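Just run.pdb here, PDB, C-alpha atoms:
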```pdb
MODEL        1
ATOM      1  CA  MET A   1     -12.546 151.339  86.847
ATOM      2  CA  ASP A   2     -10.924 154.410  88.253
ATOM      3  CA  ILE A   3      -7.405 155.576  87.770
ATOM      4  CA  LYS A   4      -5.168 157.763  89.865
ATOM      5  CA  VAL A   5      -2.196 159.594  88.395
ATOM      6  CA  THR A   6       0.193 161.607  90.553
ATOM      7  CA  SER A   7       3.575 163.164  89.956
ATOM      8  CA  LYS A   8       6.575 163.862  92.140
ATOM      9  CA  LYS A   9       9.656 166.008  91.635
ATOM     10  CA  LEU A  10      12.813 163.920  92.003
ATOM     11  CA  SER A  11      15.251 166.627  90.927
ATOM     12  CA  GLU A  12      15.259 169.853  88.934
ATOM     13  CA  LYS A  13      15.056 167.956  85.647
ATOM     14  CA  VAL A  14      13.524 164.627  86.618
ATOM     15  CA  HIS A  15       9.978 163.907  87.706
ATOM     16  CA  SER A  16       8.214 160.652  88.419
ATOM     17  CA  VAL A  17       4.642 159.814  87.482
ATOM     18  CA  GLU A  18       2.837 157.190  89.513
ATOM     19  CA  VAL A  19      -0.175 155.441  88.024
ATOM     20  CA  HIS A  20      -2.677 153.376  90.005
ATOM     21  CA  GLY A  21      -5.404 151.366  88.289
ATOM     22  CA  GLU A  22      -6.163 150.172  84.768
ATOM     23  CA  ILE A  23      -5.017 152.029  81.654
ATOM     24  CA  ASP A  24      -7.415 151.610  78.751
ATOM     25  CA  VAL A  25      -9.300 153.709  76.220
ATOM     26  CA  TYR A  26     -11.409 155.201  79.040
ATOM     27  CA  THR A  27      -8.621 156.125  81.414
ATOM     28  CA  SER A  28      -5.571 156.694  79.184
ATOM     29  CA  SER A  29      -6.493 160.358  78.618
ATOM     30  CA  LYS A  30      -5.813 161.036  82.313
ATOM     31  CA  VAL A  31      -2.322 159.586  82.023
ATOM     32  CA  LYS A  32      -1.733 161.532  78.817
ATOM     33  CA  GLU A  33      -2.910 164.742  80.477
ATOM     34  CA  LYS A  34      -0.597 164.411  83.485
ATOM     35  CA  ILE A  35       2.448 163.537  81.371
ATOM     36  CA  GLY A  36       1.554 166.335  78.949
ATOM     37  CA  GLU A  37       1.452 168.868  81.802
ATOM     38  CA  LEU A  38       4.982 167.923  82.848
ATOM     39  CA  ILE A  39       6.339 168.092  79.299
ATOM     40  CA  GLU A  40       4.678 171.488  78.863
ATOM     41  CA  LYS A  41       6.581 172.651  81.953
ATOM     42  CA  GLY A  42       9.855 171.580  80.349
ATOM     43  CA  ILE A  43      10.339 168.307  82.220
ATOM     44  CA  TYR A  44      11.815 165.948  79.661
ATOM     45  CA  ILE A  45      13.125 163.173  81.879
ATOM     46  CA  LEU A  46      10.326 161.118  83.350
ATOM     47  CA  ILE A  47      10.157 157.963  85.374
ATOM     48  CA  ILE A  48       6.737 156.402  85.065
ATOM     49  CA  ASN A  49       5.901 153.976  87.824
ATOM     50  CA  LEU A  50       3.580 151.210  86.614
ATOM     51  CA  GLU A  51       3.893 149.058  89.734
ATOM     52  CA  GLU A  52       0.294 149.713  90.741
ATOM     53  CA  VAL A  53      -1.064 149.304  87.213
ATOM     54  CA  ARG A  54      -3.134 146.156  86.991
ATOM     55  CA  TYR A  55      -3.752 146.376  83.277
ATOM     56  CA  ILE A  56      -2.580 148.292  80.191
ATOM     57  CA  ASP A  57      -3.789 148.044  76.603
ATOM     58  CA  SER A  58      -2.718 149.507  73.255
ATOM     59  CA  THR A  59      -4.191 152.930  74.023
ATOM     60  CA  GLY A  60      -2.044 153.078  77.147
ATOM     61  CA  LEU A  61       0.991 151.991  75.158
ATOM     62  CA  GLY A  62       0.114 154.676  72.602
ATOM     63  CA  VAL A  63       0.190 157.338  75.324
ATOM     64  CA  LEU A  64       3.620 156.179  76.469
ATOM     65  CA  ILE A  65       4.962 156.072  72.898
ATOM     66  CA  GLY A  66       3.595 159.566  72.214
ATOM     67  CA  ALA A  67       5.211 160.908  75.377
ATOM     68  CA  LEU A  68       8.533 159.279  74.536
ATOM     69  CA  LYS A  69       8.500 160.867  71.066
ATOM     70  CA  LYS A  70       7.908 164.300  72.625
ATOM     71  CA  VAL A  71      10.645 164.092  75.250
ATOM     72  CA  LYS A  72      13.123 162.670  72.722
ATOM     73  CA  GLU A  73      12.646 165.853  70.668
ATOM     74  CA  HIS A  74      14.214 167.634  73.645
ATOM     75  CA  ASP A  75      16.894 165.005  74.277
ATOM     76  CA  GLY A  76      14.854 163.647  77.140
ATOM     77  CA  ASN A  77      13.946 160.102  78.084
ATOM     78  CA  ILE A  78      11.348 157.992  79.835
ATOM     79  CA  GLY A  79      12.043 155.063  82.122
ATOM     80  CA  LEU A  80       9.318 152.683  83.228
ATOM     81  CA  ILE A  81       9.190 150.908  86.565
ATOM     82  CA  CYS A  82       7.434 147.635  85.978
ATOM     83  CA  THR A  83       7.797 144.207  87.542
ATOM     84  CA  ASN A  84       4.323 142.830  86.741
ATOM     85  CA  PRO A  85       5.044 139.859  84.417
ATOM     86  CA  GLN A  86       1.825 140.291  82.435
ATOM     87  CA  ILE A  87       2.589 143.925  81.677
ATOM     88  CA  ARG A  88       6.211 143.155  80.858
ATOM     89  CA  LYS A  89       4.907 140.473  78.498
ATOM     90  CA  ILE A  90       2.960 143.122  76.540
ATOM     91  CA  PHE A  91       6.094 145.252  76.205
ATOM     92  CA  ASN A  92       7.971 142.179  74.993
ATOM     93  CA  ILE A  93       5.324 141.127  72.449
ATOM     94  CA  THR A  94       5.147 144.608  70.948
ATOM     95  CA  GLY A  95       8.908 145.058  70.970
ATOM     96  CA  LEU A  96       8.527 148.199  73.059
ATOM     97  CA  VAL A  97      10.985 146.716  75.508
ATOM     98  CA  LYS A  98      13.621 147.809  72.988
ATOM     99  CA  ILE A  99      12.669 151.482  73.103
ATOM    100  CA  PHE A 100      11.648 151.868  76.740
ATOM    101  CA  GLY A 101      13.877 151.031  79.639
ATOM    102  CA  LEU A 102      11.989 148.740  82.024
ATOM    103  CA  TYR A 103      13.323 148.907  85.564
ATOM    104  CA  LYS A 104      12.573 147.267  88.875
ATOM    105  CA  SER A 105      12.855 150.336  91.075
ATOM    106  CA  GLU A 106      13.000 154.116  91.014
ATOM    107  CA  GLU A 107      16.652 153.991  92.054
ATOM    108  CA  GLU A 108      17.572 151.706  89.174
ATOM    109  CA  ALA A 109      15.624 153.838  86.681
ATOM    110  CA  LEU A 110      17.206 157.042  87.969
ATOM    111  CA  GLY A 111      20.689 155.575  87.733
ATOM    112  CA  LYS A 112      20.258 154.330  84.162
ATOM    113  CA  ILE A 113      18.424 157.375  82.838
ATOM    114  CA  SER A 114      20.915 159.810  84.346
ATOM    115  CA  GLN A 115      23.721 157.950  82.562
ATOM    116  CA  GLY A 116      21.911 158.018  79.227
TER
ATOM    117  CA  MET B 117     -23.963 132.293  62.510
ATOM    118  CA  ALA B 118     -26.529 132.512  65.304
ATOM    119  CA  ARG B 119     -25.867 130.048  68.086
ATOM    120  CA  THR B 120     -27.846 129.009  71.078
ATOM    121  CA  GLY B 121     -27.306 126.564  73.866
ATOM    122  CA  GLU B 122     -26.263 126.256  77.440
ATOM    123  CA  ASN B 123     -22.686 127.394  76.793
ATOM    124  CA  PHE B 124     -23.613 130.459  74.780
ATOM    125  CA  ILE B 125     -23.134 133.881  76.351
ATOM    126  CA  ASN B 126     -24.279 137.076  74.732
ATOM    127  CA  LEU B 127     -23.370 140.506  76.088
ATOM    128  CA  LYS B 128     -24.409 143.838  74.665
ATOM    129  CA  VAL B 129     -23.149 147.167  76.017
ATOM    130  CA  PRO B 130     -23.153 150.752  74.733
ATOM    131  CA  ALA B 131     -20.135 151.517  72.539
ATOM    132  CA  LYS B 132     -18.669 153.913  75.079
ATOM    133  CA  PRO B 133     -15.198 153.728  76.647
ATOM    134  CA  GLU B 134     -16.630 153.516  80.163
ATOM    135  CA  TYR B 135     -18.294 150.172  79.355
ATOM    136  CA  ILE B 136     -15.150 148.400  78.180
ATOM    137  CA  GLY B 137     -14.273 147.636  81.788
ATOM    138  CA  VAL B 138     -17.631 145.875  82.127
ATOM    139  CA  ILE B 139     -16.829 143.574  79.212
ATOM    140  CA  ARG B 140     -13.370 142.976  80.664
ATOM    141  CA  LEU B 141     -14.888 141.912  83.974
ATOM    142  CA  ALA B 142     -17.339 139.649  82.178
ATOM    143  CA  ILE B 143     -14.667 137.822  80.184
ATOM    144  CA  ALA B 144     -12.542 137.469  83.314
ATOM    145  CA  GLY B 145     -15.524 135.840  85.008
ATOM    146  CA  ILE B 146     -16.097 133.487  82.086
ATOM    147  CA  ALA B 147     -12.407 132.556  81.946
ATOM    148  CA  ASP B 148     -12.402 131.932  85.678
ATOM    149  CA  ARG B 149     -15.497 129.755  85.300
ATOM    150  CA  LEU B 150     -13.574 127.699  82.723
ATOM    151  CA  GLY B 151     -10.701 127.238  85.145
ATOM    152  CA  LEU B 152      -8.121 129.025  82.984
ATOM    153  CA  ASN B 153      -4.855 130.009  84.589
ATOM    154  CA  CYS B 154      -4.034 133.611  85.469
ATOM    155  CA  GLU B 155      -1.949 134.223  82.351
ATOM    156  CA  SER B 156      -4.703 132.974  80.028
ATOM    157  CA  VAL B 157      -7.284 135.083  81.860
ATOM    158  CA  GLU B 158      -5.117 138.174  81.372
ATOM    159  CA  ASP B 159      -4.545 137.310  77.706
ATOM    160  CA  LEU B 160      -8.294 137.031  77.159
ATOM    161  CA  LYS B 161      -8.980 140.293  78.985
ATOM    162  CA  LEU B 162      -6.474 142.138  76.817
ATOM    163  CA  SER B 163      -7.644 140.551  73.547
ATOM    164  CA  VAL B 164     -11.294 141.300  74.228
ATOM    165  CA  THR B 165     -10.490 144.845  75.311
ATOM    166  CA  GLU B 166      -8.462 145.438  72.141
ATOM    167  CA  ALA B 167     -11.350 144.219  69.997
ATOM    168  CA  CYS B 168     -13.801 146.523  71.797
ATOM    169  CA  THR B 169     -11.369 149.434  71.540
ATOM    170  CA  SER B 170     -11.136 148.871  67.767
ATOM    171  CA  ILE B 171     -14.894 149.360  67.562
ATOM    172  CA  ILE B 172     -14.803 152.582  69.580
ATOM    173  CA  GLN B 173     -11.831 153.952  67.651
ATOM    174  CA  PHE B 174     -12.574 152.847  64.106
ATOM    175  CA  SER B 175     -16.287 152.134  63.664
ATOM    176  CA  LYS B 176     -18.350 154.997  62.274
ATOM    177  CA  ASP B 177     -20.896 156.075  64.899
ATOM    178  CA  PRO B 178     -21.068 152.761  66.740
ATOM    179  CA  ALA B 179     -24.032 152.357  69.059
ATOM    180  CA  LEU B 180     -23.275 148.992  70.584
ATOM    181  CA  ILE B 181     -20.576 146.488  71.281
ATOM    182  CA  LEU B 182     -21.737 142.894  71.036
ATOM    183  CA  MET B 183     -19.777 140.034  72.503
ATOM    184  CA  GLU B 184     -20.815 136.472  71.701
ATOM    185  CA  CYS B 185     -19.001 133.762  73.506
ATOM    186  CA  TYR B 186     -19.374 130.007  73.239
ATOM    187  CA  ILE B 187     -17.454 126.844  73.866
ATOM    188  CA  GLU B 188     -17.257 124.181  71.235
ATOM    189  CA  LYS B 189     -14.906 121.203  71.026
ATOM    190  CA  GLU B 190     -12.811 122.537  73.909
ATOM    191  CA  ASN B 191     -12.270 125.851  72.193
ATOM    192  CA  LEU B 192     -13.525 129.198  73.466
ATOM    193  CA  TYR B 193     -14.928 131.247  70.585
ATOM    194  CA  LEU B 194     -15.397 134.993  70.948
ATOM    195  CA  ASN B 195     -17.127 137.171  68.380
ATOM    196  CA  ILE B 196     -16.969 140.902  69.004
ATOM    197  CA  SER B 197     -18.715 143.341  66.719
ATOM    198  CA  ASP B 198     -20.535 146.627  66.434
ATOM    199  CA  GLY B 199     -23.626 144.722  65.297
ATOM    200  CA  LYS B 200     -23.585 146.241  61.810
ATOM    201  CA  LEU B 201     -21.733 143.501  60.030
ATOM    202  CA  LEU B 202     -22.221 139.757  59.878
ATOM    203  CA  PRO B 203     -19.583 138.697  57.370
ATOM    204  CA  LYS B 204     -19.397 135.284  55.793
ATOM    205  CA  ASP B 205     -16.347 133.239  56.693
ATOM    206  CA  ASN B 206     -14.657 133.960  53.368
ATOM    207  CA  GLU B 207     -15.035 137.698  53.962
ATOM    208  CA  LEU B 208     -12.990 137.570  57.131
ATOM    209  CA  PHE B 209      -9.336 138.397  57.057
ATOM    210  CA  GLN B 210      -6.829 136.206  58.846
ATOM    211  CA  CYS B 211      -3.599 137.443  60.315
ATOM    212  CA  GLY B 212      -0.474 135.600  59.383
ATOM    213  CA  LYS B 213       2.460 135.457  61.717
ATOM    214  CA  ASN B 214       4.267 138.087  59.713
ATOM    215  CA  HIS B 215       1.201 140.023  58.697
ATOM    216  CA  TYR B 216       2.598 143.328  59.832
ATOM    217  CA  GLU B 217       5.974 144.314  58.552
ATOM    218  CA  SER B 218       5.981 147.149  61.025
ATOM    219  CA  LEU B 219       3.976 147.641  64.151
ATOM    220  CA  THR B 220       2.217 150.995  64.381
ATOM    221  CA  GLU B 221       0.003 152.475  67.050
ATOM    222  CA  ALA B 222      -3.007 151.994  64.759
ATOM    223  CA  ASN B 223      -2.564 148.257  64.233
ATOM    224  CA  MET B 224      -1.245 147.449  67.697
ATOM    225  CA  GLY B 225      -4.604 146.148  68.937
ATOM    226  CA  ILE B 226      -4.948 143.530  66.200
ATOM    227  CA  TYR B 227      -1.261 142.695  66.533
ATOM    228  CA  LEU B 228      -1.715 141.978  70.254
ATOM    229  CA  ILE B 229      -4.832 139.849  69.730
ATOM    230  CA  ASN B 230      -3.002 137.870  67.073
ATOM    231  CA  ALA B 231      -0.111 137.261  69.434
ATOM    232  CA  LEU B 232      -2.233 136.257  72.423
ATOM    233  CA  MET B 233      -5.031 134.176  70.897
ATOM    234  CA  ASP B 234      -4.862 130.876  69.030
ATOM    235  CA  ASP B 235      -6.866 132.075  66.039
ATOM    236  CA  LEU B 236      -8.025 135.429  64.743
ATOM    237  CA  HIS B 237     -10.230 136.434  61.834
ATOM    238  CA  TYR B 238     -11.558 139.930  61.374
ATOM    239  CA  CYS B 239     -13.246 142.380  59.108
ATOM    240  CA  ILE B 240     -12.609 146.050  59.841
ATOM    241  CA  GLU B 241     -14.446 148.380  57.505
ATOM    242  CA  PRO B 242     -15.159 151.607  59.382
ATOM    243  CA  GLU B 243     -17.998 152.613  57.036
ATOM    244  CA  LYS B 244     -19.708 149.204  57.092
ATOM    245  CA  GLY B 245     -18.847 147.750  60.458
ATOM    246  CA  ILE B 246     -16.350 145.809  62.498
ATOM    247  CA  TYR B 247     -16.380 142.106  63.275
ATOM    248  CA  ILE B 248     -13.599 140.282  65.104
ATOM    249  CA  ARG B 249     -13.610 136.547  65.739
ATOM    250  CA  MET B 250     -11.020 135.043  68.018
ATOM    251  CA  VAL B 251     -10.467 131.602  69.479
ATOM    252  CA  LYS B 252      -8.683 130.468  72.603
ATOM    253  CA  ARG B 253      -7.859 126.806  72.710
ATOM    254  CA  LEU B 254      -8.682 125.327  76.091
ATOM    255  CA  SER B 255      -6.303 122.805  77.617
ATOM    256  CA  THR B 256      -6.908 119.947  75.213
ATOM    257  CA  GLY B 257      -8.688 121.902  72.511
ATOM    258  CA  GLU B 258      -9.139 120.230  69.156
ATOM    259  CA  PRO B 259      -7.808 121.929  66.019
ATOM    260  CA  ILE B 260      -9.778 125.071  65.336
ATOM    261  CA  GLU B 261     -12.283 124.795  62.486
ATOM    262  CA  GLN B 262     -11.853 127.625  59.999
TER
ENDMDL
END
```

In structure tokens, write the structure found in this file.
Amino acid sequence: MDIKVTSKKLSEKVHSVEVHGEIDVYTSSKVKEKIGELIEKGIYILIINLEEVRYIDSTGLGVLIGALKKVKEHDGNIGLICTNPQIRKIFNITGLVKIFGLYKSEEEALGKISQG
Amino acid sequence: MARTGENFINLKVPAKPEYIGVIRLAIAGIADRLGLNCESVEDLKLSVTEACTSIIQFSKDPALILMECYIEKENLYLNISDGKLLPKDNELFQCGKNHYESLTEANMGIYLINALMDDLHYCIEPEKGIYIRMVKRLSTGEPIEQ
């Protein structure tokens, strides 16, 4: 159950984080660490790509919520790229769909987040 | 209640985060064996993982995670515990549909299990132990006995 987390600079203020694998209590710290590094560097607009995430649980959601709280303190935002119906279902059940933008592509996320 | 029989599965792993994936694989295998559809398999994987995560996060010095799984009257019963607590039925707490007025990060696991499974009873007492019983109704499952 390995996880791979990488980041990419999209513009001066916007970075993307790509996650591959399963996010649970064992692996969520790696996601938290990578997002934390970017926030520490002053990157407050993040697009997190969950397209290659096969599974996410409440600890993974907790990491995303924690990151969103931090970037919001700096007027930032987080957009999630996610088309997996099972993962979207979890965001719907928990109501997190109301606080995170869920997008189908990086382009769509960039467009919406830049406006907001 | 101790149960035996051909449809009884008992799995015991160390209460460490790295073993939760093992339990997840096991329940996926069991669900597949039962012929459940993809969505139900994913629901079971998440519910079982959330129960195991509760033990790792909230139980005081847990050594083990125990998963008991059996099929009875077309219902799949799953008991997940840290092995410290074997509560009587009337000591288990049941979630209502509106049990949580607000969803927090701490109660999100139980909230998800409650949303995804057909029945949930639990006892979470960090000092004494954690015991979570959940039921998934199979296609034509009979009403779940409380």

Residues of chain A within 7 Å of chain B: nearest atom pair and distance (Å, one decimal) for each, counting only C-alpha atoms, sorted by chain and number, as JSON lines?
```
{"residue": "A:Met1", "atom": "CA", "partner": "B:Gly137", "partner_atom": "CA", "distance": 6.5}
{"residue": "A:Val25", "atom": "CA", "partner": "B:Pro133", "partner_atom": "CA", "distance": 5.9}
{"residue": "A:Tyr26", "atom": "CA", "partner": "B:Pro133", "partner_atom": "CA", "distance": 4.7}
{"residue": "A:Asp57", "atom": "CA", "partner": "B:Leu162", "partner_atom": "CA", "distance": 6.5}
{"residue": "A:Ser58", "atom": "CA", "partner": "B:Gly225", "partner_atom": "CA", "distance": 5.8}
{"residue": "A:Gly62", "atom": "CA", "partner": "B:Glu221", "partner_atom": "CA", "distance": 6.0}
```

With the file shown as input, list the residues that the PyMOL selection byres ((chain A and resi 49) around 10) selects, as a PyMOL selection string. chain A and resi 5-7+16-20+46-48+50-53+79-83+102-106+109

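CA of Gly76 (chain A) lies 13.3 Å from CA of Glu12 (chain A).
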
Counting all atoms listed in the file, which of B:Ile229, B:Ile181, B:Ile143, B:Val251 gets nearest to Lys128 (chain B)? B:Ile181

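Separating CA of Val63 (chain A) from CA of Asn77 (chain A) is a distance of 14.3 Å.
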
Give me the residues within 10 Å of region 145-149 of chain B as a list in words, counting all atoms listed in the file and dropping any in the same chain fewer than 3 places off.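 Contacts, with the query itself left out: Ile125, Ile139, Arg140, Leu141, Ala142, Leu152, Asn153, Cys154, Ser156, Val157, Glu158, Leu160, Lys161, Cys185 and Leu192 of chain B.
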
Please, what is the axis-aligned box for every listed atom of region 122-140 of chain B with 5 Å on each side, as centre and edge lengths in Å to one decimal, as lines of an AutoDock Vina configuration file?
```
center_x = -19.8
center_y = 140.1
center_z = 77.3
size_x = 22.9
size_y = 37.7
size_z = 19.6
```

Hey, can you check how far CA of Gly66 (chain A) sits from CA of Lys112 (chain A)?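 That distance, rounded to one decimal, is 21.2 Å.
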
Could you expand the PyMOL selection byres ((chain B and resi 245) around 10) into the explicit residues it covers here, written as a VMD selection string? chain B and resid 171 174 to 178 197 to 203 239 to 244 246 to 247

Between B:Leu127, B:Ile187, B:Leu254, B:Leu194, single out the one closest to His237 (chain B), counting all atoms listed in the file. B:Leu194

Could I get region 19-35 of chain A rebuilt with N, CA and C atoms, written as a PDB file, in the frame of the given file?
```
ATOM      1  N   VAL A  19       1.163 155.764  88.532  1.00  0.00           N
ATOM      2  CA  VAL A  19      -0.175 155.441  88.024  1.00  0.00           C
ATOM      3  C   VAL A  19      -0.747 154.277  88.830  1.00  0.00           C
ATOM      4  N   HIS A  20      -1.981 154.448  89.282  1.00  0.00           N
ATOM      5  CA  HIS A  20      -2.677 153.376  90.005  1.00  0.00           C
ATOM      6  C   HIS A  20      -3.952 153.030  89.231  1.00  0.00           C
ATOM      7  N   GLY A  21      -4.140 151.765  88.917  1.00  0.00           N
ATOM      8  CA  GLY A  21      -5.404 151.366  88.289  1.00  0.00           C
ATOM      9  C   GLY A  21      -5.203 150.682  86.948  1.00  0.00           C
ATOM     10  N   GLU A  22      -6.198 150.825  86.072  1.00  0.00           N
ATOM     11  CA  GLU A  22      -6.163 150.172  84.768  1.00  0.00           C
ATOM     12  C   GLU A  22      -6.083 151.229  83.678  1.00  0.00           C
ATOM     13  N   ILE A  23      -5.167 151.045  82.733  1.00  0.00           N
ATOM     14  CA  ILE A  23      -5.017 152.029  81.654  1.00  0.00           C
ATOM     15  C   ILE A  23      -5.645 151.455  80.382  1.00  0.00           C
ATOM     16  N   ASP A  24      -6.764 152.038  79.995  1.00  0.00           N
ATOM     17  CA  ASP A  24      -7.415 151.610  78.751  1.00  0.00           C
ATOM     18  C   ASP A  24      -7.953 152.832  78.020  1.00  0.00           C
ATOM     19  N   VAL A  25      -8.819 152.604  77.051  1.00  0.00           N
ATOM     20  CA  VAL A  25      -9.300 153.709  76.220  1.00  0.00           C
ATOM     21  C   VAL A  25     -10.096 154.732  77.049  1.00  0.00           C
ATOM     22  N   TYR A  26     -10.640 154.295  78.180  1.00  0.00           N
ATOM     23  CA  TYR A  26     -11.409 155.201  79.040  1.00  0.00           C
ATOM     24  C   TYR A  26     -10.513 156.046  79.929  1.00  0.00           C
ATOM     25  N   THR A  27      -9.439 155.439  80.405  1.00  0.00           N
ATOM     26  CA  THR A  27      -8.621 156.125  81.414  1.00  0.00           C
ATOM     27  C   THR A  27      -7.304 156.706  80.874  1.00  0.00           C
ATOM     28  N   SER A  28      -6.906 156.297  79.674  1.00  0.00           N
ATOM     29  CA  SER A  28      -5.571 156.694  79.184  1.00  0.00           C
ATOM     30  C   SER A  28      -5.438 158.214  79.025  1.00  0.00           C
ATOM     31  N   SER A  29      -6.572 158.894  78.793  1.00  0.00           N
ATOM     32  CA  SER A  29      -6.493 160.358  78.618  1.00  0.00           C
ATOM     33  C   SER A  29      -5.985 161.042  79.894  1.00  0.00           C
ATOM     34  N   LYS A  30      -6.288 160.443  81.056  1.00  0.00           N
ATOM     35  CA  LYS A  30      -5.813 161.036  82.313  1.00  0.00           C
ATOM     36  C   LYS A  30      -4.294 160.906  82.447  1.00  0.00           C
ATOM     37  N   VAL A  31      -3.776 159.786  81.988  1.00  0.00           N
ATOM     38  CA  VAL A  31      -2.322 159.586  82.023  1.00  0.00           C
ATOM     39  C   VAL A  31      -1.665 160.552  81.041  1.00  0.00           C
ATOM     40  N   LYS A  32      -2.267 160.648  79.862  1.00  0.00           N
ATOM     41  CA  LYS A  32      -1.733 161.532  78.817  1.00  0.00           C
ATOM     42  C   LYS A  32      -1.713 162.988  79.303  1.00  0.00           C
ATOM     43  N   GLU A  33      -2.784 163.363  79.975  1.00  0.00           N
ATOM     44  CA  GLU A  33      -2.910 164.742  80.477  1.00  0.00           C
ATOM     45  C   GLU A  33      -1.808 165.065  81.491  1.00  0.00           C
ATOM     46  N   LYS A  34      -1.594 164.166  82.434  1.00  0.00           N
ATOM     47  CA  LYS A  34      -0.597 164.411  83.485  1.00  0.00           C
ATOM     48  C   LYS A  34       0.815 164.470  82.894  1.00  0.00           C
ATOM     49  N   ILE A  35       1.116 163.531  81.995  1.00  0.00           N
ATOM     50  CA  ILE A  35       2.448 163.537  81.371  1.00  0.00           C
ATOM     51  C   ILE A  35       2.604 164.792  80.513  1.00  0.00           C
TER      52      ILE A  35
END
```
